[in-house]
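Engineer: Sending over a structure as structure tokens; questions will come in a sec.
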Amino acid sequence: MSEKQLDQKRIAGETAAQQVQSGMVVGLGYGSTAIHALRSIGKKIQSGELREVVGIPTADSIAREAKAAGIPLTTLEDQVGIDITIDGADEVDTHLNLIKGGGGALLREKIVAQASKRLVIVIDESKRSHCLGSQFALPVEVLPFGWGGQARYLEAIGAKVQLRRDPTGSPLITDNGNFIIDCDFGEIEDPYALAGQLKTRAGIMEHGLFLDLADEVIVGGVQGVSIHKRAEGSEEL
């Protein structure tokens with residue numbers, strides 16, 4: 001990753017962190033851009049700029065990062081909801097729909113996103129896409145029991161599938177104890193129809209299509225930061 005891209009990620013993450021206010025419950029997302037937001041929030045807490053902020057992490061590794069940054073943690077069982085979640089994405093289309101799950105946290109990320117008043121996505125400009133699936137395979141989290149049947153089903157509906165593996169060659173295990181099948185559908189012309197197909201299949205725990213969930217996308221680019229808000233009717237990226 002180039003220094004230029006790293007700087008784009010940092011700027012996007014730090015811009016999003018500016019939206020966090022004292023007293024907020026904050027969803028802490030996964031990814032190399034969202035981590036900059038987390039660290040910025042931690043610095044603001046440590047300096048006293050932010051008070052009574054608590055975080056809900058989307059992955060065990062993010063919980064560890066948050067603790068190291070000095071962010072107190074809570075759970076959805078102890079909170080009515082989440083004021084703002086700052087998360088990353090693997091691909092974002094022109095309507096602010098997303099593919100997520102490259103880090104394996106898609107199920108918890110979607111739970112946190114759906115519990116949030118606002119979902120702010122932070123990316124560098126390489127994640128922008130004219131059509132979901134053109135740049136990134138769709139992660140699908142499946143129950144280990146019968147995962148081969150899910151793989152065959154996914155192939156039958158048009159995907160080239162690959163079971164995600166860890167560095168040892170064993171199946172990667174998510175924080176929820178499940179497997180991930182990466183599905184190359186090519187360009188996904190109707191993500192809503194595909195999401196509907198995936199939701200009907202027993203054994204598929206969740207998919208990485210995040211549709212109509214992002215309220216705002218912050219893009220770090222060579223010309224600085226651009227902000228795209230769904231609520232203002234200027235959602236196209």
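Chains: A, B, ... in order of the structure tokens. Residues: from 1 per chain. Ligands: from 1, in order shown.
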Hey, which bits of stretch 80-124 of chain A sit within 12 Å of stretch 147-166 of chain A, and for each residue what's the closest pair of atoms and how far apart in Å (one decimal), counting only C-alpha atoms, rows by chain and increasing number, as a Markdown table?
Structural biologist:
| residue | atom | partner | partner_atom | distance |
| --- | --- | --- | --- | --- |
| A:Gly101 | CA | A:Arg164 | CA | 11.3 |
| A:Gly102 | CA | A:Arg164 | CA | 10.0 |
| A:Gly103 | CA | A:Arg164 | CA | 10.7 |
| A:Gly104 | CA | A:Arg164 | CA | 9.3 |
Engineer: Taking N, CA, C and O atoms for each residue, export the selection above as a CSV table (one decimal), in the first residue's frame.
Structural biologist:
chain,number,residue,atom,x,y,z
A,101,GLY,N,-17.0,-7.3,4.5
A,101,GLY,CA,-16.7,-8.6,4.9
A,101,GLY,C,-15.3,-9.1,4.6
A,101,GLY,O,-15.0,-10.3,4.9
A,102,GLY,N,-14.5,-8.2,4.0
A,102,GLY,CA,-13.1,-8.7,3.7
A,102,GLY,C,-12.3,-9.0,4.9
A,102,GLY,O,-11.4,-9.9,4.8
A,103,GLY,N,-12.7,-8.5,6.0
A,103,GLY,CA,-12.0,-8.8,7.3
A,103,GLY,C,-12.7,-9.9,8.0
A,103,GLY,O,-12.2,-10.3,9.1
A,104,GLY,N,-13.8,-10.4,7.5
A,104,GLY,CA,-14.5,-11.5,8.2
A,104,GLY,C,-15.5,-11.1,9.3
A,104,GLY,O,-16.0,-12.0,9.9
Engineer: Within 12 Å of A:Gln46, counting only C-alpha atoms, which residues show up once you throw out same-chain ones fewer than 2 positions away? Write them as a list of chain:residue names, please.
Structural biologist: A:Arg39, A:Ser40, A:Ile41, A:Gly42, A:Lys43, A:Lys44, A:Gly48, A:Glu49, A:Leu50, A:Arg51, A:Glu52, A:Val53, A:Lys67, A:Ala68, A:Ala69, A:Gly70, A:Ile71, A:Pro72
Engineer: Please determine, counting only C-alpha atoms, which residue among A:Ala63, A:Ala37, A:Ile99, A:Val92 has the shortest atom-to-atom distance to A:Lys127.
Structural biologist: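 Comparing A:Ala63, A:Ala37, A:Ile99, A:Val92 against A:Lys127, the winner is A:Val92.
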Engineer: As JSON, numbers by chain, please: every residue in stretch 12-229 of chain A that DSSP puts in strand (DSSP E or B).
Structural biologist: {"A": [25, 26, 27, 28, 54, 55, 56, 57, 73, 82, 84, 85, 86, 87, 91, 92, 98, 99, 116, 119, 120, 121, 122, 123, 124, 128, 138, 139, 140, 141, 142, 160, 161, 162, 163, 165, 171, 179, 180, 181, 182, 183, 184, 204, 205, 206, 207, 209, 210, 216, 217, 218, 219, 220, 221, 224, 225, 226, 227, 228, 229]}
Engineer: Quick one: DSSP helix (DSSP H, G or I) residues in stretch 138-232 of chain A, as a ChimeraX atom specification?
Structural biologist: /A:147-156,191-199
